[in-house]
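What follows is a short report on a single structure.
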Amino acid sequence: MSTTVGTDDPDDPIAYFLEDLTYHGKAERTRDAYGRVLRRFETFLADPERNPSGKTLTPSQATHRDCMAWVHTLRGTVTDSTIASYAAYLHRFYAYMTQVGVFESNPMTLVVEELDETIEKDPTRREISVDQMRSFVGDINHPLDQALIVTLLKTGMRVGELCNLDLRDLAVDDKEVKAAFDSSPRPQLAARPNSLYIDSEPAVGKEVNGEKRTASNKRKRATVIPVDEELQRVLKRWLAIRPDNPSPAEPLFVYTAGEWGHRLTPRAVRNIVTEHADAAGWYDTGGDAADNVTPHYFRHFFTTHLRDRTGDRGVVKYLRGDVADDIIDTYTHNWGGQVRSTYETNIYSVLK
């Protein structure tokens, strides 16, 4: 079935999309990358000896089966991460054209749900069990250090996203915490108590919530992540000693030494994690990234263990911030019934 609708359909949907990227301010290099991938896909569709239909097709006529077949042709010619990038480009193309009404559906939606290159288990990485991680966290005494590491372990967020958290991004159903701070959580958290808001907006050099940022968030869309009892406990312990700070943004995590009260940087978080990982025998200066435990390792740990427990790749991708608009909307609209319930049922314990 054709995916084209309306009477104002462009003769060349790819050129239409690339032109709109220009209007949206995308760099020439980005537009060229999209163009190369989309034209490659277009060439595949136009060859009846290569595409599954056995006919000459246009992008507007492609089905999810045609898209999957094209992705399959990439295997063995480029790396898995490149395949994931190409699929993301095609998914973005169809999602946008559907949103503006040129196409009626996105055949890549099912394909990206099945693709898992970006969060596959990495067999070369150090394997750490939940019990081992629980012992590791139990040996961390400083409230800030423990709060940082438990937040990374429980949410799978990136270190830059952790550093960009403000007090308004946290909602906890605790009278003492609410009484201690003047700021209120974001409106997006009003109906979602015990949760964290991970914004997609912060970027290096950009002013957000009254403060110029030194780290970037890499989420495609903002995400709301549940805060379970353990994370709430360590965050409350940290907030009880959190120094006052000069920023109007009121950062959640700040220095307790050196730049007292100022927002933590990704380098500071990496140093904290490295110190504790080294004490546990999980870090070797100059060692391989696959062996060393770093903030990014906690994202890998979160993905691996939560996906194994839930069997729900969609929810895990939502929590990681890896999914595009049409998929993330599904989980956003059914956040309490699907995301929170799945998370709370399956999240592992890291406190003794």
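Residue names in the structure tokens use chain letters A, B, ... in the order shown, residue numbers from 1 in each chain, and ligand numbers from 1 in the order shown.
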Just the strand (DSSP E or B) stuff from segment 50-268 of chain A, please, per backbone DSSP, written as a CSV table (one decimal) with N, CA, C and O atoms, in the first residue's frame.
chain,number,residue,atom,x,y,z
A,75,ARG,N,24.4,-5.1,5.9
A,75,ARG,CA,25.2,-6.0,6.8
A,75,ARG,C,26.4,-6.6,6.1
A,75,ARG,O,26.3,-7.1,5.0
A,78,VAL,N,29.1,-2.4,6.3
A,78,VAL,CA,29.4,-1.3,7.2
A,78,VAL,C,29.3,-1.9,8.6
A,78,VAL,O,28.8,-3.0,8.8
A,103,PHE,N,3.4,11.8,3.7
A,103,PHE,CA,3.2,10.3,3.8
A,103,PHE,C,2.1,10.1,4.9
A,103,PHE,O,2.0,10.8,5.8
A,166,ASP,N,18.8,19.9,37.2
A,166,ASP,CA,18.5,21.0,38.2
A,166,ASP,C,17.5,20.4,39.2
A,166,ASP,O,16.8,19.4,39.0
A,170,LEU,N,13.6,17.2,39.5
A,170,LEU,CA,13.4,16.1,40.4
A,170,LEU,C,12.1,16.3,41.2
A,170,LEU,O,11.8,17.4,41.7
A,171,ALA,N,11.2,15.3,41.2
A,171,ALA,CA,10.0,15.3,42.0
A,171,ALA,C,10.0,14.1,42.9
A,171,ALA,O,10.0,13.0,42.4
A,195,SER,N,9.9,11.0,40.2
A,195,SER,CA,10.5,10.9,38.9
A,195,SER,C,11.5,12.0,38.6
A,195,SER,O,11.6,13.0,39.3
A,196,LEU,N,12.3,11.7,37.6
A,196,LEU,CA,13.3,12.7,37.1
A,196,LEU,C,13.0,13.1,35.7
A,196,LEU,O,12.6,12.2,34.9
A,197,TYR,N,13.2,14.3,35.3
A,197,TYR,CA,13.0,14.8,34.0
A,197,TYR,C,14.3,15.0,33.3
A,197,TYR,O,15.1,15.8,33.8
A,198,ILE,N,14.6,14.3,32.2
A,198,ILE,CA,15.8,14.4,31.5
A,198,ILE,C,15.5,15.2,30.2
A,198,ILE,O,14.9,14.7,29.3
A,207,GLU,N,22.4,28.7,27.2
A,207,GLU,CA,21.9,29.1,28.5
A,207,GLU,C,20.5,28.4,28.7
A,207,GLU,O,19.6,28.6,27.9
A,208,VAL,N,20.4,27.6,29.8
A,208,VAL,CA,19.2,26.9,30.1
A,208,VAL,C,18.8,27.1,31.6
A,208,VAL,O,19.7,27.0,32.4
A,211,GLU,N,21.3,29.5,33.3
A,211,GLU,CA,22.7,29.2,33.5
A,211,GLU,C,23.3,28.6,32.2
A,211,GLU,O,22.7,27.8,31.5
A,212,LYS,N,24.5,29.1,31.8
A,212,LYS,CA,25.2,28.6,30.6
A,212,LYS,C,25.7,27.2,30.9
A,212,LYS,O,26.4,27.0,31.9
A,223,THR,N,12.7,12.9,28.5
A,223,THR,CA,12.3,11.6,29.0
A,223,THR,C,12.0,11.8,30.5
A,223,THR,O,12.7,12.5,31.2
A,224,VAL,N,11.0,11.1,31.0
A,224,VAL,CA,10.7,11.1,32.4
A,224,VAL,C,11.0,9.7,32.9
A,224,VAL,O,10.5,8.7,32.4
A,225,ILE,N,11.9,9.6,33.9
A,225,ILE,CA,12.4,8.3,34.4
A,225,ILE,C,11.9,8.2,35.9
A,225,ILE,O,12.0,9.1,36.7
A,226,PRO,N,11.3,7.0,36.2
A,226,PRO,CA,10.8,6.8,37.6
A,226,PRO,C,12.0,6.9,38.6
A,226,PRO,O,13.1,6.5,38.3
A,251,PRO,N,21.4,23.8,40.4
A,251,PRO,CA,21.8,22.4,40.0
A,251,PRO,C,21.6,21.4,41.1
A,251,PRO,O,21.8,21.7,42.3
A,254,VAL,N,26.3,19.4,43.0
A,254,VAL,CA,27.3,20.4,43.0
A,254,VAL,C,28.6,19.9,43.8
A,254,VAL,O,28.5,18.9,44.5
A,263,ARG,N,28.1,23.8,40.0
A,263,ARG,CA,27.6,22.6,39.3
A,263,ARG,C,28.8,21.7,39.0
A,263,ARG,O,29.8,22.1,38.5
Members of segment 123-276 of chain A assigned helix (DSSP H, G or I) by DSSP, as a PyMOL selection string: chain A and resi 130-138+143-155+159-163+167-169+175-180+187-189+229-239+266-276
Can you pull out every residue within 12 Å of Arg158 of chain A, counting only C-alpha atoms, but drop anything in the same chain fewer than 6 positions away, and send it as a tab-separated table (two decimals) with N, CA and C atoms, in the first residue's frame?
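As a result, selection-v6.tsv now contains:
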chain	number	residue	atom	x	y	z
A	148	LEU	N	25.47	10.10	43.04
A	148	LEU	CA	25.84	10.15	41.63
A	148	LEU	C	25.81	8.76	41.01
A	149	ILE	N	26.45	7.81	41.68
A	149	ILE	CA	26.59	6.47	41.11
A	149	ILE	C	25.25	5.73	41.10
A	151	THR	N	22.32	7.13	40.91
A	151	THR	CA	21.50	7.76	39.86
A	151	THR	C	21.86	7.20	38.49
A	152	LEU	N	23.16	7.08	38.21
A	152	LEU	CA	23.60	6.52	36.93
A	152	LEU	C	23.14	5.07	36.79
A	164	ASN	N	23.63	18.06	34.10
A	164	ASN	CA	22.68	19.12	33.73
A	164	ASN	C	21.40	19.10	34.55
A	165	LEU	N	21.24	18.14	35.43
A	165	LEU	CA	20.02	18.08	36.24
A	165	LEU	C	19.94	19.29	37.18
A	198	ILE	N	14.60	14.30	32.24
A	198	ILE	CA	15.84	14.45	31.50
A	198	ILE	C	15.52	15.24	30.24
A	199	ASP	N	15.99	16.47	30.19
A	199	ASP	CA	15.68	17.37	29.10
A	199	ASP	C	16.55	17.06	27.88
A	200	SER	N	16.07	17.41	26.71
A	200	SER	CA	16.86	17.26	25.49
A	200	SER	C	17.50	18.59	25.08
A	215	ALA	N	27.95	21.10	29.58
A	215	ALA	CA	27.77	19.72	29.10
A	215	ALA	C	26.52	19.67	28.24
A	216	SER	N	26.46	18.67	27.37
A	216	SER	CA	25.32	18.53	26.47
A	216	SER	C	24.51	17.28	26.79
A	217	ASN	N	23.21	17.39	26.63
A	217	ASN	CA	22.34	16.22	26.66
A	217	ASN	C	22.17	15.72	25.24
A	218	LYS	N	22.13	14.41	25.05
A	218	LYS	CA	22.08	13.85	23.70
A	218	LYS	C	20.77	13.14	23.42
A	219	ARG	N	19.75	13.45	24.20
A	219	ARG	CA	18.45	12.79	24.01
A	219	ARG	C	17.75	13.35	22.79
A	266	PRO	N	31.22	16.95	33.92
A	266	PRO	CA	31.43	15.53	33.58
A	266	PRO	C	32.81	15.02	34.02
A	269	VAL	N	32.65	14.09	37.68
A	269	VAL	CA	31.92	12.84	37.90
A	269	VAL	C	32.78	11.66	37.49
A	270	ARG	N	33.48	11.78	36.36
A	270	ARG	CA	34.35	10.68	35.92
A	270	ARG	C	35.45	10.42	36.95
A	294	THR	N	33.52	2.99	34.10
A	294	THR	CA	33.41	4.44	33.96
A	294	THR	C	31.93	4.82	34.07
A	295	PRO	N	31.60	6.11	34.08
A	295	PRO	CA	30.17	6.46	34.08
A	295	PRO	C	29.40	5.81	32.94
A	296	HIS	N	30.03	5.67	31.77
A	296	HIS	CA	29.32	5.05	30.65
A	296	HIS	C	29.07	3.57	30.90
A	297	TYR	N	29.93	2.92	31.70
A	297	TYR	CA	29.70	1.52	32.01
A	297	TYR	C	28.36	1.34	32.72
A	298	PHE	N	28.00	2.29	33.58
A	298	PHE	CA	26.74	2.17	34.31
A	298	PHE	C	25.55	2.21	33.35
A	299	ARG	N	25.67	2.94	32.26
A	299	ARG	CA	24.62	2.96	31.23
A	299	ARG	C	24.52	1.58	30.58
A	300	HIS	N	25.66	0.97	30.31
A	300	HIS	CA	25.68	-0.39	29.77
A	300	HIS	C	25.07	-1.38	30.77
A	302	PHE	N	22.89	-0.77	33.16
A	302	PHE	CA	21.45	-0.52	33.22
A	302	PHE	C	20.73	-1.18	32.04
A	319	LEU	N	13.63	4.80	28.21
A	319	LEU	CA	14.36	5.27	29.38
A	319	LEU	C	15.74	5.79	29.02
A	320	ARG	N	16.39	5.15	28.04
A	320	ARG	CA	17.71	5.58	27.59
A	320	ARG	C	17.65	6.85	26.74
A	321	GLY	N	16.46	7.17	26.22
A	321	GLY	CA	16.33	8.34	25.35
A	321	GLY	C	16.78	8.07	23.94
A	322	ASP	N	16.69	6.80	23.51
A	322	ASP	CA	17.22	6.41	22.20
A	322	ASP	C	16.18	6.37	21.09
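Restricting the calculation to only C-alpha atoms, the smallest distance between Ala290 of chain A and any of A:Glu230, A:Glu127, A:Glu201, A:Asp173 is found for A:Glu127.
Distance-wise, atom CA of Asp12 of chain A and atom CA of Thr58 of chain A end up 9.4 Å apart.
For the pair atom CA of Pro52 of chain A and atom CA of Arg36 of chain A, the separation is 21.8 Å.
When only C-alpha atoms are used to measure the gap to Pro246 of chain A, the shortest distance among A:Glu259, A:Glu344, A:Ala203, A:His305 belongs to A:Glu259.
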Separation of atom CA of Gly210 of chain A from atom CA of Thr256 of chain A, in Å and rounded to one decimal: 21.9 Å
Nearby residues (only C-alpha atoms) at most 12 Å from Asn141 of chain A, same-chain spacing under 3 positions excluded, as a short mmCIF file (atom, residue, chain, number, x, y, z; two decimals) with C-alpha atoms, in the first residue's frame:
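After the write, result_32.cif holds the following:
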data_model
loop_
_atom_site.label_atom_id
_atom_site.label_comp_id
_atom_site.auth_asym_id
_atom_site.auth_seq_id
_atom_site.Cartn_x
_atom_site.Cartn_y
_atom_site.Cartn_z
CA PHE A 136 30.46 -1.83 45.29
CA VAL A 137 27.77 0.74 46.10
CA GLY A 138 27.75 -0.37 49.74
CA LEU A 144 27.38 12.88 46.90
CA ASP A 145 29.44 10.02 45.47
CA GLN A 146 26.78 7.46 46.30
CA ALA A 147 23.97 9.62 44.91
CA LEU A 148 25.84 10.15 41.63
CA ILE A 149 26.59 6.47 41.11
CA VAL A 234 20.20 8.31 48.42
CA ARG A 237 20.62 11.84 51.95
CA TRP A 238 22.57 13.97 49.45
CA HIS A 276 35.80 4.16 43.48
CA LEU A 351 21.62 -0.96 48.18
#
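Distances to Tyr86 of chain A were evaluated for A:Pro107, A:Gly35, A:Val227, A:Gly25 using only C-alpha atoms, and the minimum falls at A:Gly35.
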